[in-house]
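Reading through the structure tokens given below for one structure.
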Amino acid sequence: MGDFNNVLKTQDRIGGQMVIEKEFLDLPNFMDTKGSSEMESNGDYYTWSNKHHVGTIYSKIDRVIANADWFQNHLNTTLKFLPPQVSDHALLLLTSQHHIRYKKRFRFINCVTKVAGFMDTIKANWNLPLEGRPMYVLWSKMKRLQPVMYKLNNSLTLSTQNIVQARKKLERIQIELINDRMNSNLIEEAKINTENLVYWQEVEVSILKQRAKLKWLKDGDGNSAFFHAAVKGKHTSKALTMLIKDDDGVLNSQTDIEREIMAFYGTLIGKSDDELQGIDVGAMRRGAQISKTQRCNMEKPISEA
């Protein structure tokens with residue numbers, strides 16, 4: 001976090017000499033090598049200026065760069081570029097908001113359809129008999145499927161741990177092969193574990209692609225760090241971290257924001273009145289009324305017709 005004294009692309013500078021590729025090649029190469037990416041931010045895009053009235057230059061050279069693990073562990077952290085004041089650099093404000101846990105919604109993971117026995121499990125549950133109206137049966141079967149789908153999803157959401165375990169196991173086997181290169185059992189075991197590792201890596205990337213909703217990316221892009229960063233940016237963009245009241249007061253804490261929202265909509269909806277004074281007969285008569293015939297029909301005994 002801070003001044004990297006380096007742009008990342010040609011658009012990161014306006015004014016002065018045109019940015020050429022060799023100026024910014026080292027920083028993105030370093031980030032790719034370390035599996036890191038830039039954090040999304042709020043505020044002014046350009047973070048540095050020479051403050052000259054002639055030959056003015058603006059650049060973005062201050063940023064926060066982190067790896068996927070950091071983004072995953074700091075989902076409730078936001079970055080804002082503040083005005084530079086007396087400096088020629090903008091101030092970087094990294095803020096960790098109070099994290100509120102909400103009930104997790106069910107999400108269908110697309111790649112769960114590739115789990116062994118997926119269709120058989122779904123069919124067995126769906127074909128269990130139920131009686132009632134068609135819509136009730138449909139709704140009941142969908143509700144009955146939910147815990148089954150949760151169980152199938154859970155077998156995939158631990159993909160990161162499975163990758164770590166598969167990688168360690170494969171590394172152990174490959175070390176054993178150095179001392180016994182012709183051992184057919186070790187060779188076969190290494191092949192099976194390689195396929196297992198590749199499978200879990202594909203599962204992880206598939207889940208991250210779905211969560212990031214980056215449909216324009218080509219299939220086969222295995223840069224999971226990029227997807228982690230995209231998911232983090234998507235999560236942050238939906239977060240409500242600040243609220244401005246009618247009197248221009250600023251609320252930052254989640255408790256104050258929730259209280260203000262509840263009060264606002266409570267005013268719109270209105271409050272219950274414990275003491276009803278009476279019906280305004282005049283107002284009722286000015287509105288639409290039913291006829292004498294309609295009133296008589298309402299008092300008739302109920303018939304099959």
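All residue names refer to the structure tokens as shown: chains lettered A, B, ... in order, residues numbered from 1 in each chain, ligands numbered from 1 in order.
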Excluding region 146-148 of chain A and its own-chain neighbours fewer than 5 positions away, which residues fall within 9 Å of it when counting only C-alpha atoms? Please give them as a VMD selection string. chain A and resid 106 121 to 122 125 141 153
Atoms kept (N, CA, C and O atoms) for selection, written as a short mmCIF file (atom, residue, chain, number, x, y, z; two decimals), in the first residue's frame:
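Once everything was written out, this is result_33.cif:
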```cif
data_model
loop_
_atom_site.label_atom_id
_atom_site.label_comp_id
_atom_site.auth_asym_id
_atom_site.auth_seq_id
_atom_site.Cartn_x
_atom_site.Cartn_y
_atom_site.Cartn_z
N PHE A 106 -29.23 -19.89 -0.39
CA PHE A 106 -28.85 -21.06 -1.19
C PHE A 106 -28.50 -20.62 -2.60
O PHE A 106 -29.22 -19.84 -3.23
N THR A 121 -28.99 -39.08 -7.61
CA THR A 121 -29.41 -38.53 -6.32
C THR A 121 -30.64 -37.65 -6.47
O THR A 121 -31.59 -37.74 -5.68
N ILE A 122 -30.63 -36.79 -7.50
CA ILE A 122 -31.76 -35.89 -7.73
C ILE A 122 -33.02 -36.68 -8.10
O ILE A 122 -34.11 -36.43 -7.58
N ASN A 125 -34.67 -38.53 -5.14
CA ASN A 125 -35.41 -37.64 -4.24
C ASN A 125 -36.68 -37.12 -4.91
O ASN A 125 -37.74 -37.05 -4.29
N LYS A 141 -41.61 -30.63 -3.55
CA LYS A 141 -40.44 -31.36 -4.06
C LYS A 141 -39.21 -30.44 -4.14
O LYS A 141 -38.09 -30.86 -3.83
N ASN A 153 -23.51 -29.33 -2.70
CA ASN A 153 -22.71 -28.10 -2.79
C ASN A 153 -21.52 -28.13 -1.83
O ASN A 153 -20.41 -27.71 -2.17
#
```
Skip Gly43 (chain A) itself and residues of its chain fewer than 2 positions away, then list as a list in words all residues within 7 Å of it, counting only C-alpha atoms.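 So, after excluding close chain neighbours, the residues are Ser41, Tyr45, Lys80, Phe81 and Leu82 of chain A.
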Go ahead and write the selection's residues with C-alpha atoms as a PDB file, in the first residue's frame.
```pdb
ATOM      1  CA  SER A  41     -11.085   2.135  -4.816  1.00  0.00           C
ATOM      2  CA  TYR A  45      -8.837   8.150 -10.042  1.00  0.00           C
ATOM      3  CA  LYS A  80     -10.760   5.495  -0.611  1.00  0.00           C
ATOM      4  CA  PHE A  81      -8.495   8.151  -2.146  1.00  0.00           C
ATOM      5  CA  LEU A  82      -8.795  11.372  -0.157  1.00  0.00           C
TER       6      LEU A  82
END
```
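Put simply, CA of Leu152 (chain A) is 6.8 Å away from CA of Val112 (chain A).
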Compile the contact shell of Asp3 (chain A) as a PyMOL selection string: residues with an atom at most 12 Å away, counting only C-alpha atoms, same-chain residues fewer than 4 positions apart removed. chain A and resi 7+47-48+59-65+88-92
